[in-house]
Amino acid sequence: MPLELSAHVVAKVDDFRVDVALEAPVGVTVLFGPSGAGKSTVLRAIAGLVPLSSGHVRFDGHEWTRLPPEKREVGYVFQNAALFPHLSVEDNIAFGAPTYEDARRWLERLHLKGMADRKPGSLSGGEAQRVALARALARKPRVLLLDEPFASLDDTLRDSLLREVKTLVAEEALVALLVTHDRHEGEVLGGKFLNISGGRLT
């Protein structure tokens, strides 16, 4: 059977309840909907950062529901790059990577080698998100979670990074979920669209 992520996320954050069931194959699945629809909660629950009230998270038939976040084979890229300001670009990428060789591989693959010794404060928005993407991929994840990481970038840079993500997801045979309220982002990436509103699929 092909690799697949299966999740039924039933969770409550403050007074907002999310109840979303999805199946995501290898490739990009787009969680599309307005702000506050519950899209990011679904991602955080899959990553193990939000507890489920009920439901499940499974990957390739393996139960992830009760696994702590560090045991799930997940790479996560947030809306803000969330880099460690005191670490160099290379050390940020190496954080959580099995080996420094893995970090260096992604440093080169995402065209960051020339800024390996720089600190995050000296990076542009696009450079910072490229580092965040490299850090997520250096963990050797099976699932890549993208929580609106390109929303603040200009259109040209955003489209370039989206196309790069699409290529990397295909080459690495990853299951990827992108949260966005911008239909254009989903169209650039292609793949499967799931519409979420009010904490539910619509």
# chains A, B, ... in the order shown; residues from 1 in each chain; ligands from 1
$ closest_atom_pairs --of "region 109-201 of chain A" --to "region 58-68 of chain A" --cutoff "12 Å" --atoms "only C-alpha atoms" --output "tab-separated table"
residue	atom	partner	partner_atom	distance
A:Pro141	CA	A:Phe59	CA	11.6
A:Arg142	CA	A:Phe59	CA	8.6
A:Val143	CA	A:Phe59	CA	8.6
A:Leu174	CA	A:Phe59	CA	11.4
A:Val175	CA	A:Phe59	CA	9.5
$ write_last_selection --atoms "N, CA and C atoms" --output "tab-separated table (two decimals), in the first residue's frame"
chain	number	residue	atom	x	y	z
A	141	PRO	N	11.97	13.72	8.16
A	141	PRO	CA	10.57	13.42	8.47
A	141	PRO	C	9.92	12.59	7.39
A	142	ARG	N	8.82	11.95	7.74
A	142	ARG	CA	7.96	11.30	6.76
A	142	ARG	C	6.80	12.21	6.39
A	143	VAL	N	6.47	13.11	7.32
A	143	VAL	CA	5.36	14.05	7.14
A	143	VAL	C	5.91	15.47	7.32
A	174	LEU	N	7.40	12.57	0.39
A	174	LEU	CA	6.83	12.99	1.66
A	174	LEU	C	5.32	13.16	1.57
A	175	VAL	N	4.66	12.99	2.69
A	175	VAL	CA	3.30	13.45	2.86
A	175	VAL	C	3.40	14.88	3.41
$ select_by_dssp --residues "region 37-198 of chain A" --states "strand (DSSP E)" --output "list in words"
Ser54, Gly55, His56, Val57, Arg58, Phe59, His62, Glu63, Val74, Gly75, Tyr76, Val77, Val143, Leu144, Leu145, Leu146, Asp147, Val175, Ala176, Leu177, Leu178, Val179, Thr180, Lys192, Phe193, Leu194, Asn195, Ile196 and Ser197 of chain A
$ residues_around --residues "Thr99 (chain A)" --least-positions-apart "5" --cutoff "10 Å" --atoms "only C-alpha atoms" --output "number ranges by chain"
A: 94, 104, 138-139
$ closest_residue --among "A:Leu112, A:Glu172, A:Leu177, A:Arg118" --to "Ile46 (chain A)" --atoms "only C-alpha atoms"
A:Leu177
$ residues_around --residues "Arg130 (chain A)" --least-positions-apart "3" --cutoff "9 Å" --atoms "only C-alpha atoms" --output "list in words"
Ala81, Leu110, His111, Leu112, Gly125, Gly126, Glu127, Leu133, Ala134, Arg135 and Leu161 of chain A
$ write_last_selection --atoms "N, CA and C atoms" --output "short mmCIF file (atom, residue, chain, number, x, y, z; two decimals), in the first residue's frame"
data_model
loop_
_atom_site.label_atom_id
_atom_site.label_comp_id
_atom_site.auth_asym_id
_atom_site.auth_seq_id
_atom_site.Cartn_x
_atom_site.Cartn_y
_atom_site.Cartn_z
N ALA A 81 9.53 32.02 11.18
CA ALA A 81 10.55 30.98 11.00
C ALA A 81 10.92 30.28 12.30
N LEU A 110 19.34 23.52 -0.21
CA LEU A 110 18.48 24.70 -0.22
C LEU A 110 19.29 25.98 -0.42
N HIS A 111 20.50 25.81 -0.96
CA HIS A 111 21.32 26.95 -1.41
C HIS A 111 21.63 27.92 -0.26
N LEU A 112 22.00 27.35 0.89
CA LEU A 112 22.27 28.15 2.08
C LEU A 112 23.73 28.09 2.51
N GLY A 125 13.40 37.73 5.19
CA GLY A 125 12.28 36.83 5.48
C GLY A 125 12.35 35.55 4.67
N GLY A 126 12.67 35.68 3.39
CA GLY A 126 12.76 34.49 2.53
C GLY A 126 13.89 33.58 2.93
N GLU A 127 15.04 34.17 3.30
CA GLU A 127 16.19 33.37 3.74
C GLU A 127 15.86 32.63 5.03
N LEU A 133 12.79 25.67 6.63
CA LEU A 133 12.44 24.51 5.81
C LEU A 133 13.56 23.48 5.85
N ALA A 134 14.81 23.94 5.72
CA ALA A 134 15.95 23.03 5.78
C ALA A 134 16.02 22.34 7.14
N ARG A 135 15.75 23.08 8.22
CA ARG A 135 15.77 22.48 9.56
C ARG A 135 14.71 21.39 9.69
N LEU A 161 9.57 29.63 -3.73
CA LEU A 161 9.70 28.68 -2.64
C LEU A 161 8.64 27.59 -2.71
#
$ closest_residue --among "A:Val131, A:Ile93, A:Gly36, A:Leu153" --to "Val18 (chain A)" --atoms "only C-alpha atoms"
A:Gly36
$ select_by_dssp --residues "region 42-144 of chain A" --states "helix (DSSP H, G or I)" --output "PyMOL selection string"
chain A and resi 42-47+69-71+89-94+100-109+113-115+120-122+125-138
$ closest_residue --among "A:Gly33, A:Gly75, A:Ala24, A:Val10" --to "Leu145 (chain A)" --atoms "only C-alpha atoms"
A:Gly75
